[in-house]
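Asks: My structure is stored as data.pdb, with PDB, C-alpha atoms, pLDDT in the B column.
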ATOM      1  CA  MET A 237      82.154-166.663  23.020  1.00 68.00           C
ATOM      2  CA  MET A 238      84.903-169.225  23.435  1.00 73.00           C
ATOM      3  CA  LYS A 239      87.444-168.209  26.095  1.00 85.00           C
ATOM      4  CA  ALA A 240      90.890-169.376  25.008  1.00 90.00           C
ATOM      5  CA  THR A 241      92.847-171.316  27.604  1.00 92.00           C
ATOM      6  CA  GLU A 242      96.464-170.596  28.528  1.00 93.00           C
ATOM      7  CA  GLN A 243      97.384-173.844  26.753  1.00 95.00           C
ATOM      8  CA  THR A 244      95.696-172.619  23.553  1.00 95.00           C
ATOM      9  CA  PHE A 245      97.691-169.381  23.662  1.00 95.00           C
ATOM     10  CA  GLN A 246     100.937-171.305  24.253  1.00 96.00           C
ATOM     11  CA  GLN A 247     100.255-173.723  21.389  1.00 96.00           C
ATOM     12  CA  ILE A 248      99.534-170.865  18.969  1.00 96.00           C
ATOM     13  CA  GLU A 249     102.579-168.889  20.136  1.00 97.00           C
ATOM     14  CA  ARG A 250     104.773-171.932  19.530  1.00 97.00           C
ATOM     15  CA  ALA A 251     103.312-172.360  16.020  1.00 97.00           C
ATOM     16  CA  ILE A 252     103.921-168.682  15.198  1.00 96.00           C
ATOM     17  CA  ARG A 253     107.538-168.984  16.444  1.00 96.00           C
ATOM     18  CA  LYS A 254     108.010-171.979  14.125  1.00 96.00           C
ATOM     19  CA  VAL A 255     106.690-169.888  11.225  1.00 96.00           C
ATOM     20  CA  ALA A 256     109.110-167.069  12.112  1.00 94.00           C
ATOM     21  CA  ASP A 257     111.982-169.584  12.355  1.00 94.00           C
ATOM     22  CA  LYS A 258     111.390-170.507   8.698  1.00 92.00           C
ATOM     23  CA  PHE A 259     112.039-166.892   7.676  1.00 91.00           C
ATOM     24  CA  PRO A 260     115.073-165.883   9.768  1.00 86.00           C
ATOM     25  CA  THR A 261     115.818-162.174   9.972  1.00 80.00           C
ATOM     26  CA  ASN A 262     119.380-162.543   8.675  1.00 75.00           C
ATOM     27  CA  ASP A 263     118.171-164.224   5.473  1.00 66.00           C
ATOM     28  CA  GLU A 264     118.672-161.588   2.791  1.00 70.00           C
ATOM     29  CA  SER A 265     116.580-163.289   0.099  1.00 66.00           C
ATOM     30  CA  GLY A 266     113.321-161.809   1.383  1.00 76.00           C
ATOM     31  CA  ILE A 267     110.693-163.947  -0.283  1.00 84.00           C
ATOM     32  CA  LEU A 268     107.335-162.667  -1.390  1.00 89.00           C
ATOM     33  CA  THR A 269     104.467-164.408   0.378  1.00 92.00           C
ATOM     34  CA  ASP A 270     101.665-164.100   2.866  1.00 95.00           C
ATOM     35  CA  ILE A 271     101.234-166.512   5.748  1.00 96.00           C
ATOM     36  CA  HIS A 272      97.968-168.445   5.572  1.00 97.00           C
ATOM     37  CA  LEU A 273      96.701-169.902   8.832  1.00 97.00           C
ATOM     38  CA  ARG A 274      94.227-172.652   8.030  1.00 97.00           C
ATOM     39  CA  VAL A 275      92.055-173.888  10.881  1.00 96.00           C
ATOM     40  CA  THR A 276      89.955-177.055  10.755  1.00 94.00           C
ATOM     41  CA  GLN A 277      87.024-176.957  13.131  1.00 91.00           C
ATOM     42  CA  ASP A 278      86.577-180.757  13.472  1.00 91.00           C
ATOM     43  CA  THR A 279      90.188-181.671  14.167  1.00 95.00           C
ATOM     44  CA  GLY A 280      91.392-178.468  15.867  1.00 95.00           C
ATOM     45  CA  GLU A 281      94.273-178.401  13.423  1.00 96.00           C
ATOM     46  CA  LEU A 282      96.118-175.156  12.769  1.00 97.00           C
ATOM     47  CA  VAL A 283      98.317-175.284   9.664  1.00 97.00           C
ATOM     48  CA  ALA A 284     100.479-172.449   8.359  1.00 97.00           C
ATOM     49  CA  PHE A 285     101.098-172.246   4.586  1.00 96.00           C
ATOM     50  CA  ASP A 286     102.844-169.901   2.214  1.00 95.00           C
ATOM     51  CA  ASP A 287     101.295-168.557  -0.999  1.00 94.00           C
ATOM     52  CA  ASP A 288     102.359-171.698  -2.904  1.00 94.00           C
ATOM     53  CA  ASP A 289     100.390-173.855  -0.461  1.00 94.00           C
ATOM     54  CA  LYS A 290     103.643-175.228   0.971  1.00 95.00           C
ATOM     55  CA  GLU A 291     103.188-176.228   4.579  1.00 96.00           C
ATOM     56  CA  ILE A 292     105.330-174.328   7.088  1.00 96.00           C
ATOM     57  CA  THR A 293     104.119-175.884  10.332  1.00 97.00           C
ATOM     58  CA  ARG A 294     101.094-177.553  11.869  1.00 97.00           C
ATOM     59  CA  CYS A 295      99.757-178.228  15.322  1.00 97.00           C
ATOM     60  CA  ILE A 296      96.594-179.351  17.040  1.00 96.00           C
ATOM     61  CA  ILE A 297      94.812-176.913  19.345  1.00 96.00           C
ATOM     62  CA  GLU A 298      93.042-179.278  21.732  1.00 94.00           C
ATOM     63  CA  GLN A 299      90.479-176.696  22.785  1.00 94.00           C
ATOM     64  CA  TRP A 300      89.313-176.369  19.168  1.00 94.00           C
ATOM     65  CA  ILE A 301      88.764-180.081  18.474  1.00 93.00           C
ATOM     66  CA  GLU A 302      85.137-180.700  17.471  1.00 89.00           C
ATOM     67  CA  ASN A 303      84.186-177.202  18.554  1.00 90.00           C
ATOM     68  CA  LYS A 304      80.635-176.672  17.266  1.00 89.00           C
ATOM     69  CA  ASP A 305      80.322-172.943  18.021  1.00 90.00           C
ATOM     70  CA  ASP A 306      78.604-170.941  15.294  1.00 90.00           C
ATOM     71  CA  ASN A 307      81.106-168.149  15.902  1.00 93.00           C
ATOM     72  CA  PHE A 308      84.079-170.522  15.868  1.00 94.00           C
ATOM     73  CA  TYR A 309      86.086-168.707  13.186  1.00 95.00           C
ATOM     74  CA  GLU A 310      85.335-165.243  14.617  1.00 94.00           C
ATOM     75  CA  ASP A 311      86.540-166.419  18.041  1.00 94.00           C
ATOM     76  CA  VAL A 312      89.617-168.059  16.505  1.00 96.00           C
ATOM     77  CA  ALA A 313      90.417-164.830  14.625  1.00 96.00           C
ATOM     78  CA  VAL A 314      90.320-162.839  17.889  1.00 95.00           C
ATOM     79  CA  VAL A 315      92.690-165.300  19.607  1.00 96.00           C
ATOM     80  CA  LEU A 316      95.084-165.448  16.638  1.00 97.00           C
ATOM     81  CA  ARG A 317      95.149-161.640  16.375  1.00 96.00           C
ATOM     82  CA  SER A 318      95.990-161.272  20.039  1.00 95.00           C
ATOM     83  CA  VAL A 319      98.845-163.798  19.757  1.00 96.00           C
ATOM     84  CA  LEU A 320     100.199-162.133  16.600  1.00 96.00           C
ATOM     85  CA  THR A 321     100.015-158.717  18.240  1.00 95.00           C
ATOM     86  CA  LYS A 322     101.833-160.043  21.297  1.00 95.00           C
ATOM     87  CA  GLN A 323     104.552-161.516  19.047  1.00 95.00           C
ATOM     88  CA  LYS A 324     104.764-158.516  16.727  1.00 93.00           C
ATOM     89  CA  ASP A 325     108.495-157.963  17.322  1.00 92.00           C
ATOM     90  CA  LEU A 326     109.150-161.495  16.133  1.00 93.00           C
ATOM     91  CA  ILE A 327     106.849-161.549  13.103  1.00 93.00           C
ATOM     92  CA  GLU A 328     107.782-158.080  11.862  1.00 90.00           C
ATOM     93  CA  LYS A 329     111.438-159.150  11.511  1.00 90.00           C
ATOM     94  CA  MET A 330     110.708-162.136   9.283  1.00 92.00           C
ATOM     95  CA  ALA A 331     112.627-162.216   5.982  1.00 90.00           C
ATOM     96  CA  ILE A 332     109.522-161.683   3.883  1.00 91.00           C
ATOM     97  CA  LEU A 333     109.142-158.720   1.549  1.00 90.00           C
ATOM     98  CA  LYS A 334     106.766-156.161   3.007  1.00 90.00           C
ATOM     99  CA  PRO A 335     103.864-155.766   2.978  1.00 91.00           C
ATOM    100  CA  TYR A 336     102.780-159.248   4.009  1.00 93.00           C
ATOM    101  CA  SER A 337      99.770-160.526   5.890  1.00 95.00           C
ATOM    102  CA  PHE A 338      98.726-163.277   8.204  1.00 97.00           C
ATOM    103  CA  VAL A 339      95.428-164.526   6.813  1.00 97.00           C
ATOM    104  CA  LEU A 340      92.847-166.847   8.378  1.00 97.00           C
ATOM    105  CA  GLU A 341      91.339-169.556   6.161  1.00 95.00           C
ATOM    106  CA  ASP A 342      88.940-172.391   6.815  1.00 92.00           C
ATOM    107  CA  ASP A 343      89.649-175.956   5.726  1.00 87.00           C
ATOM    108  CA  ASP A 344      88.084-175.248   2.315  1.00 90.00           C
ATOM    109  CA  HIS A 345      90.821-172.661   1.709  1.00 90.00           C
ATOM    110  CA  GLU A 346      88.210-169.886   2.014  1.00 92.00           C
ATOM    111  CA  HIS A 347      89.726-166.532   3.026  1.00 94.00           C
ATOM    112  CA  LEU A 348      87.953-165.541   6.254  1.00 95.00           C
ATOM    113  CA  ALA A 349      89.921-162.630   7.691  1.00 94.00           C
ATOM    114  CA  GLU A 350      93.116-160.671   7.487  1.00 95.00           C
ATOM    115  CA  LEU A 351      94.634-161.103  10.923  1.00 96.00           C
ATOM    116  CA  TYR A 352      97.717-158.949  10.795  1.00 95.00           C
ATOM    117  CA  LEU A 353      99.396-156.847   8.120  1.00 93.00           C
ATOM    118  CA  VAL A 354     103.104-156.138   8.326  1.00 91.00           C
ATOM    119  CA  ASP A 355     104.179-153.065   6.394  1.00 87.00           C
ATOM    120  CA  ASP A 356     107.289-150.924   6.617  1.00 76.00           C
ATOM    121  CA  ASP A 357     106.073-148.410   9.163  1.00 64.00           C
ATOM    122  CA  THR A 358     102.580-149.571   9.840  1.00 54.00           C
ATOM    123  CA  ALA A 359     101.100-152.538  11.528  1.00 52.00           C
ATOM    124  CA  ILE A 360      97.409-152.520  10.777  1.00 52.00           C
ATOM    125  CA  ILE A 361      95.286-154.220  13.353  1.00 57.00           C
ATOM    126  CA  ASP A 362      91.676-155.046  12.660  1.00 56.00           C
ATOM    127  CA  GLN A 363      89.319-152.073  13.123  1.00 55.00           C
ATOM    128  CA  GLU A 364      86.892-154.004  15.355  1.00 55.00           C
ATOM    129  CA  LEU A 365      89.781-154.683  17.678  1.00 54.00           C
ATOM    130  CA  MET A 366      90.599-150.975  17.790  1.00 56.00           C
ATOM    131  CA  ALA A 367      86.989-149.989  18.529  1.00 57.00           C
ATOM    132  CA  GLY A 368      87.058-151.178  22.145  1.00 58.00           C
ATOM    133  CA  LEU A 369      90.611-150.026  22.739  1.00 58.00           C
ATOM    134  CA  ASP A 370      89.752-146.383  23.535  1.00 63.00           C
ATOM    135  CA  LYS A 371      87.228-147.467  26.131  1.00 66.00           C
ATOM    136  CA  ASP A 372      89.680-149.964  27.631  1.00 67.00           C
ATOM    137  CA  LEU A 373      92.384-147.294  27.842  1.00 67.00           C
ATOM    138  CA  ASP A 374      89.965-144.803  29.415  1.00 71.00           C
ATOM    139  CA  ASN A 375      88.914-147.369  32.030  1.00 73.00           C
ATOM    140  CA  PHE A 376      92.538-148.281  32.674  1.00 72.00           C
ATOM    141  CA  LEU A 377      93.516-144.612  33.209  1.00 72.00           C
ATOM    142  CA  GLU A 378      90.468-144.032  35.380  1.00 79.00           C
ATOM    143  CA  ASP A 379      91.422-146.994  37.596  1.00 78.00           C
ATOM    144  CA  LEU A 380      95.010-145.791  37.722  1.00 76.00           C
ATOM    145  CA  LEU A 381      94.024-142.293  38.786  1.00 81.00           C
ATOM    146  CA  LYS A 382      91.686-143.624  41.503  1.00 79.00           C
ATOM    147  CA  ASP A 383      94.649-145.076  43.361  1.00 63.00           C
TER     148      ASP A 383
END
Go ahead and express the file in the form of structure tokens.
Replies:
Amino acid sequence: MMKATEQTFQQIERAIRKVADKFPTNDESGILTDIHLRVTQDTGELVAFDDDDKEITRCIIEQWIENKDDNFYEDVAVVLRSVLTKQKDLIEKMAILKPYSFVLEDDDHEHLAELYLVDDDTAIIDQELMAGLDKDLDNFLEDLLKD
């Protein structure tokens, strides 16, 4: 499994902020779209698009350039989900009509995974992500109580 570097997290966070900047909270229009995050394995490029295939922002994630891992897109999905979850306050205020999703695509425009769904009262995070959460919380509490 590819371990994302601090730089990778920062580059993705910056890209997500740029996406959010395009849909400012005070904008009443509230467009209807999902956010498509297209990742190209050879070039390490991360491009965000709307439903009309209009580019919102793009950046290069150096760590992903020419990454040959078989699990590349699964690993990328995990990293993107964690960044989106960390920036949930920002992305849930975007002027997009709910529900909307952040979706991972490969460079052939193939839908690979739903990364994050923003709905009125619910943020749905991938089930696989939730599976290990109980165990992590139990371990965390156990460690806390030891002290």
Asks: From the list A:Glu350, A:Glu242, A:Glu281, A:Glu341, which residue is nearest Ile296 in chain A when using all atoms listed in the file?
Replies: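 So, comparing all the options, the nearest one is A:Glu281.
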Asks: Write out as a Markdown table the residues of range 263-286 of chain A that have any atom within 12 Å of an atom of range 319-329 of chain A, one row each with the nearest atom pair and its distance in Å to one decimal, counting all atoms listed in the file, sorted by chain and then rising number.
Replies:
| residue | atom | partner | partner_atom | distance |
| --- | --- | --- | --- | --- |
| A:Asp263 | CA | A:Lys329 | CA | 10.4 |
| A:Glu264 | CA | A:Lys329 | CA | 11.6 |
| A:Gly266 | CA | A:Lys329 | CA | 10.6 |
| A:Asp270 | CA | A:Ile327 | CA | 11.8 |
| A:Ile271 | CA | A:Ile327 | CA | 10.5 |
| A:Leu273 | CA | A:Leu320 | CA | 11.5 |
Asks: Could you check the closest approach to Ile332 in chain A for each of A:Asp355, A:Lys304, A:Tyr309, A:Ile248 and tell me which residue wins, using only C-alpha atoms?
Replies: A:Asp355
Asks: So the first atom is CA of Ala240 in chain A and the second is CA of Asn303 in chain A; what is the distance between them in Å, to one decimal place?
Replies: 12.2 Å
Asks: Residues at most 12 Å from Thr293 in chain A, counting all atoms listed in the file, excluding those fewer than 3 positions away in the same chain, as an mmCIF file with C-alpha atoms, in the coordinates of the input?
Replies:
data_model
loop_
_atom_site.group_PDB
_atom_site.id
_atom_site.type_symbol
_atom_site.label_atom_id
_atom_site.label_comp_id
_atom_site.auth_asym_id
_atom_site.auth_seq_id
_atom_site.Cartn_x
_atom_site.Cartn_y
_atom_site.Cartn_z
ATOM 1 C CA GLN A 247 100.255 -173.723 21.389
ATOM 2 C CA ILE A 248 99.534 -170.865 18.969
ATOM 3 C CA ARG A 250 104.773 -171.932 19.530
ATOM 4 C CA ALA A 251 103.312 -172.360 16.020
ATOM 5 C CA ILE A 252 103.921 -168.682 15.198
ATOM 6 C CA ARG A 253 107.538 -168.984 16.444
ATOM 7 C CA LYS A 254 108.010 -171.979 14.125
ATOM 8 C CA VAL A 255 106.690 -169.888 11.225
ATOM 9 C CA ALA A 256 109.110 -167.069 12.112
ATOM 10 C CA ASP A 257 111.982 -169.584 12.355
ATOM 11 C CA LYS A 258 111.390 -170.507 8.698
ATOM 12 C CA ILE A 271 101.234 -166.512 5.748
ATOM 13 C CA HIS A 272 97.968 -168.445 5.572
ATOM 14 C CA LEU A 273 96.701 -169.902 8.832
ATOM 15 C CA ARG A 274 94.227 -172.652 8.030
ATOM 16 C CA GLU A 281 94.273 -178.401 13.423
ATOM 17 C CA LEU A 282 96.118 -175.156 12.769
ATOM 18 C CA VAL A 283 98.317 -175.284 9.664
ATOM 19 C CA ALA A 284 100.479 -172.449 8.359
ATOM 20 C CA PHE A 285 101.098 -172.246 4.586
ATOM 21 C CA ASP A 286 102.844 -169.901 2.214
ATOM 22 C CA ASP A 289 100.390 -173.855 -0.461
ATOM 23 C CA LYS A 290 103.643 -175.228 0.971
ATOM 24 C CA ILE A 296 96.594 -179.351 17.040
#
Asks: Selection in question (the file shown): the PyMOL selection byres ((chain A and resi 316) around 9). Which residues does it include, as a PyMOL selection string?
Replies: chain A and resi 245+248-249+311-315+317-321+340+351
Asks: My list of candidates is A:Asn262, A:Thr279, A:Thr269, A:Gln299. Which is closest to Met238 in chain A when distances are computed with only C-alpha atoms?
Replies: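 Of all the options, A:Gln299 lies closest to Met238 in chain A.
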Asks: Where does the PyMOL selection byres ((chain A and resi 343-346) around 8) land in this file, that is, which residues does it pick, as a ChimeraX atom specification?
Replies: /A:274-277,341-342,347-348
Asks: Between CA of Thr261 in chain A and CA of Ala331 in chain A, what is the distance, to one decimal in Å?
Replies: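 CA of Ala331 in chain A lies at a distance of 5.1 Å from CA of Thr261 in chain A.
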Asks: As JSON, please report the centre and edge lengths, rounded to one decimal in Å, of the axis-aligned box that holds all listed atoms of range 266-269 of chain A with 6 Å of padding on each of the six sides.
Replies:
{"center_x": 108.9, "center_y": -163.1, "center_z": 0.0, "size_x": 20.9, "size_y": 14.6, "size_z": 14.8}
Asks: Enter the distance from CA of Cys295 in chain A to CA of Met330 in chain A, in Å, rounded to one decimal.
Replies: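 Between CA of Cys295 in chain A and CA of Met330 in chain A the gap works out to 20.4 Å.
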Asks: Kindly indicate which residue among A:Asp356, A:Gly280, A:Phe259, A:Lys334 lies nearest to Ile297 in chain A, using all atoms listed in the file for the distances.
Replies: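 Among A:Asp356, A:Gly280, A:Phe259, A:Lys334, it is A:Gly280 that comes nearest to Ile297 in chain A.
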